[in-house]
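structure.txt (compact mmCIF, C-alpha atoms)
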# COMPACT_ATOMS: atom_id res chain seq x y z
CA MET A 25 -14.45 20.81 -9.46
CA ASP A 26 -12.46 21.27 -12.65
CA GLU A 27 -11.33 24.75 -11.55
CA LYS A 28 -10.29 23.41 -8.14
CA PHE A 29 -8.31 20.62 -9.82
CA GLN A 30 -6.57 23.10 -12.11
CA SER A 31 -5.72 25.41 -9.22
CA ASP A 32 -4.36 22.47 -7.19
CA THR A 33 -2.31 21.31 -10.16
CA LYS A 34 -0.95 24.81 -10.72
CA GLU A 35 -0.03 25.06 -7.04
CA LEU A 36 1.76 21.69 -7.17
CA ASP A 37 3.59 22.77 -10.36
CA GLU A 38 4.82 25.93 -8.63
CA LYS A 39 5.94 24.05 -5.52
CA PHE A 40 7.65 21.38 -7.65
CA ALA A 41 9.53 24.01 -9.67
CA ALA A 42 10.92 25.46 -6.41
CA ILE A 43 12.46 22.15 -5.30
CA PRO A 44 16.26 22.03 -5.80
CA GLU A 45 17.55 19.60 -8.44
CA ASN A 46 19.76 17.69 -5.99
CA LEU A 47 16.69 16.72 -3.93
CA LYS A 48 14.87 15.63 -7.09
CA LYS A 49 17.87 13.44 -8.00
CA GLN A 50 17.91 11.89 -4.52
CA TYR A 51 14.19 11.16 -4.82
CA ASP A 52 14.75 9.61 -8.27
CA MET A 53 17.53 7.40 -6.86
CA HIS A 54 15.26 6.15 -4.07
CA ARG A 55 12.46 5.63 -6.57
CA PHE A 56 14.82 3.61 -8.82
CA ILE A 57 15.78 1.37 -5.88
CA ARG A 58 12.08 0.83 -5.12
CA ARG A 59 11.33 -0.01 -8.75
CA VAL A 60 14.23 -2.49 -8.92
CA ILE A 61 13.23 -4.22 -5.70
CA ILE A 62 9.52 -4.39 -6.53
CA GLY A 63 10.29 -5.52 -10.08
CA TYR A 64 12.66 -8.18 -8.81
CA TYR A 65 10.25 -9.41 -6.11
CA SER A 66 7.38 -9.81 -8.52
CA SER A 67 9.40 -11.33 -11.35
CA ALA A 68 11.36 -13.66 -9.05
CA ALA A 69 8.23 -14.99 -7.39
CA THR A 70 6.55 -15.53 -10.74
CA THR A 71 9.63 -17.13 -12.29
CA ILE A 72 10.25 -19.45 -9.35
CA TYR A 73 6.62 -20.53 -9.30
CA PHE A 74 6.43 -21.25 -13.03
CA SER A 75 9.84 -22.92 -13.23
CA LEU A 76 9.02 -25.22 -10.32
CA MET A 77 5.63 -26.04 -11.85
CA LEU A 78 7.32 -26.71 -15.21
CA MET A 79 9.88 -28.98 -13.55
CA PHE A 80 7.08 -30.81 -11.71
CA PHE A 81 5.13 -31.42 -14.92
CA LEU A 82 8.26 -32.43 -16.85
CA ASP A 83 9.17 -34.85 -14.08
CA LEU A 84 5.65 -36.27 -14.16
CA LEU A 85 5.70 -36.53 -17.97
CA PHE A 86 9.13 -38.12 -18.15
CA SER A 87 8.40 -40.56 -15.34
CA ASN A 88 5.36 -41.80 -17.32
CA ILE A 89 7.52 -42.23 -20.41
CA GLY A 90 10.26 -43.93 -18.42
CA ILE A 91 12.98 -41.27 -18.69
CA GLU A 92 14.95 -40.28 -15.59
CA SER A 93 14.21 -36.53 -15.34
CA SER A 94 15.96 -35.76 -12.09
CA SER A 95 19.24 -35.53 -13.93
CA LYS A 96 21.71 -32.74 -13.34
CA ILE A 97 20.81 -31.08 -16.66
CA PHE A 98 17.19 -30.43 -15.63
CA ARG A 99 18.27 -29.06 -12.25
CA ASP A 100 20.84 -26.80 -13.89
CA ILE A 101 18.28 -25.45 -16.35
CA ARG A 102 15.87 -24.77 -13.49
CA ASP A 103 18.57 -23.03 -11.42
CA VAL A 104 19.63 -20.84 -14.33
CA ALA A 105 15.99 -19.94 -15.05
CA ILE A 106 15.41 -19.00 -11.41
CA ILE A 107 18.45 -16.71 -11.45
CA VAL A 108 18.40 -15.23 -14.97
CA LEU A 109 14.69 -14.74 -15.72
CA PRO A 110 13.93 -12.40 -12.77
CA ILE A 111 16.88 -10.23 -13.73
CA CYS A 112 15.69 -10.01 -17.35
CA ALA A 113 12.11 -9.33 -16.26
CA THR A 114 13.29 -6.57 -13.91
CA ILE A 115 15.28 -4.91 -16.70
CA CYS A 116 12.21 -5.01 -18.96
CA PHE A 117 10.05 -3.62 -16.13
CA LEU A 118 12.47 -0.71 -15.65
CA ARG A 119 12.58 -0.01 -19.38
CA TYR A 120 8.83 0.20 -19.86
CA THR A 121 7.92 2.19 -16.72
CA LYS A 122 9.76 5.45 -17.20
CA THR A 123 7.10 7.98 -16.19
CA LYS A 124 8.39 9.90 -13.19
CA ARG A 125 5.81 10.48 -10.49
CA TYR A 126 6.48 12.34 -7.30
CA SER A 127 4.55 11.97 -4.06
CA ASN A 128 2.63 14.84 -2.55
CA LEU A 129 4.74 14.36 0.60
CA PHE A 130 7.88 15.08 -1.47
CA ILE A 131 6.39 18.27 -2.84
CA LYS A 132 5.29 19.44 0.61
CA ASP A 133 8.33 18.34 2.65
CA GLN A 134 11.35 16.94 0.82
CA GLY A 135 13.28 16.02 3.97
CA ASP A 136 10.48 13.88 5.40
CA SER A 137 9.86 12.24 2.04
CA LEU A 138 13.51 11.30 1.58
CA LEU A 139 13.66 9.97 5.16
CA VAL A 140 10.55 7.85 4.54
CA PHE A 141 12.07 6.59 1.29
CA THR A 142 15.34 5.70 3.05
CA ILE A 143 13.48 3.70 5.70
CA GLU A 144 11.35 2.00 3.02
CA ASN A 145 14.36 1.03 0.92
CA PHE A 146 16.23 -0.28 3.99
CA ALA A 147 13.23 -2.45 4.95
CA SER A 148 12.86 -3.77 1.42
CA ILE A 149 16.56 -4.57 1.10
CA VAL A 150 16.42 -6.47 4.41
CA LEU A 151 13.39 -8.37 3.10
CA LEU A 152 15.33 -9.25 -0.04
CA LEU A 153 18.80 -10.02 1.30
CA TYR A 154 18.16 -11.78 4.62
CA PRO A 155 16.52 -14.87 3.08
CA THR A 156 19.22 -14.92 0.43
CA LEU A 157 21.90 -15.04 3.11
CA ILE A 158 20.04 -17.77 5.00
CA PHE A 159 19.48 -20.02 2.01
CA THR A 160 22.95 -19.66 0.57
CA GLY A 161 24.34 -21.04 3.81
CA ILE A 162 26.40 -18.04 4.87
CA LEU A 163 24.81 -17.96 8.32
CA GLU A 164 25.48 -20.67 10.89
CA GLY A 165 22.49 -22.24 12.62
CA ALA A 166 20.10 -21.41 9.82
CA ALA A 167 17.04 -22.86 11.60
CA ALA A 168 17.19 -20.23 14.35
CA HIS A 169 17.73 -17.46 11.80
CA ILE A 170 14.83 -18.64 9.66
CA PHE A 171 12.58 -18.67 12.71
CA LEU A 172 13.79 -15.20 13.75
CA TYR A 173 13.27 -13.89 10.24
CA ALA A 174 9.82 -15.43 9.76
CA LEU A 175 8.50 -14.44 13.18
CA ILE A 176 10.03 -11.02 13.75
CA VAL A 177 12.05 -9.48 10.93
CA ALA A 178 9.83 -10.15 7.91
CA PRO A 179 6.55 -8.94 9.48
CA ILE A 180 8.15 -5.78 10.86
CA CYS A 181 9.94 -4.97 7.60
CA GLY A 182 6.78 -5.77 5.62
CA ILE A 183 4.68 -3.39 7.73
CA VAL A 184 7.36 -0.68 7.60
CA PHE A 185 7.63 -1.07 3.82
CA GLY A 186 3.83 -0.92 3.40
CA VAL A 187 3.41 2.19 5.55
CA CYS A 188 6.33 4.00 3.90
CA TYR A 189 5.11 3.00 0.44
CA PHE A 190 1.66 4.38 1.28
CA PHE A 191 3.09 7.77 2.32
CA ASN A 192 5.45 8.05 -0.65
CA THR A 193 3.22 6.78 -3.44
CA GLY A 194 3.80 8.78 -6.60
CA SER A 195 0.71 10.75 -7.53
CA TYR A 196 2.06 13.92 -9.10
CA THR A 197 3.47 13.89 -12.63
CA PRO A 198 5.45 17.03 -13.49
CA LYS A 199 4.05 19.09 -16.33
CA ALA A 200 7.26 18.88 -18.38
CA GLU A 201 7.21 15.05 -18.29
CA ALA A 202 3.49 14.44 -18.61
Could I get this structure in the form of structure tokens?
Amino acid sequence: MDEKFQSDTKELDEKFAAIPENLKKQYDMHRFIRRVIIGYYSSAATTIYFSLMLMFFLDLLFSNIGIESSSKIFRDIRDVAIIVLPICATICFLRYTKTKRYSNLFIKDQGDSLLVFTIENFASIVLLLYPTLIFTGILEGAAAHIFLYALIVAPICGIVFGVCYFFNTGSYTPKAEA
């Protein structure tokens, strides 16, 4: 099995070396977008959860002491934390995950891989931006848009993202960067 693994790795190294640099840069750009979106999703969800829990416990604590905690200062701190902390966490995530991995689909067929990545990034950007537009009040009749998003757009984009992510999961690390 070790010889088969080495021959497969050597074959992948040869195929990877034959890929033009411009296609590798396009793949890296798509991969960067994926890393930013996934990093932001995970850090935003975690930050929002913990900041809301912190505000709940502070409100409970201050109400027992007799201090009015629903003041504008506490809401402003919470809002800043919900905006700033995910951005900082995403920057840290990008800094500490620098190993470049390429999918086997990219090595076999660069055009299909880049198309799959484009579809994946479009779906993930829709998942990220559509709720933002709804909740910031840019769209009129937000109730209908929320229903449309929750019932149709989010499930479709989530499935598309999952399938595309599965096909373009990085599994090959180039020899020069390993």
* To do: Would you mind telling me which residue in A:Val184, A:Ile149, A:Val140, A:Ala174 lies nearest to Tyr51 of chain A when using all atoms listed in the file?
  =>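 Nearest candidate to Tyr51 of chain A out of A:Val184, A:Ile149, A:Val140, A:Ala174: A:Val140.
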* Could you tell me how far atom CA of Phe191 of chain A lies from atom CA of Ile62 of chain A, in Å and to one decimal? =>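 The value is 16.4 Å.
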* From A:Tyr120, A:Phe74, A:Phe80, A:Phe130, residue lying nearest His54 of chain A [only C-alpha atoms] ->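 Nearest to His54 of chain A: A:Phe130.
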* So how many Å separate atom CA of Leu152 of chain A and atom CA of Asn46 of chain A, to one decimal? -> 27.9 Å
* Asked: Which distance in Å separates atom CA of Ser195 of chain A and atom CA of Val150 of chain A, to one decimal?
  ->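 Between atom CA of Ser195 of chain A and atom CA of Val150 of chain A the gap works out to 26.2 Å.
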* To do: Name the closest residue to Ile115 of chain A among the candidates A:Val60, A:Ile176, A:Cys188, A:Leu151; distances are taken between atoms, counting all atoms listed in the file.
  =>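 Of the candidates, the smallest distance to Ile115 of chain A is held by A:Val60.
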* **Proximity to Pro44 of chain A - best of A:Met77, A:Ile131, A:Ala167, A:Ile111, only C-alpha atoms** =>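 Looking at the shortest contact to Pro44 of chain A, the residue is A:Ile131.
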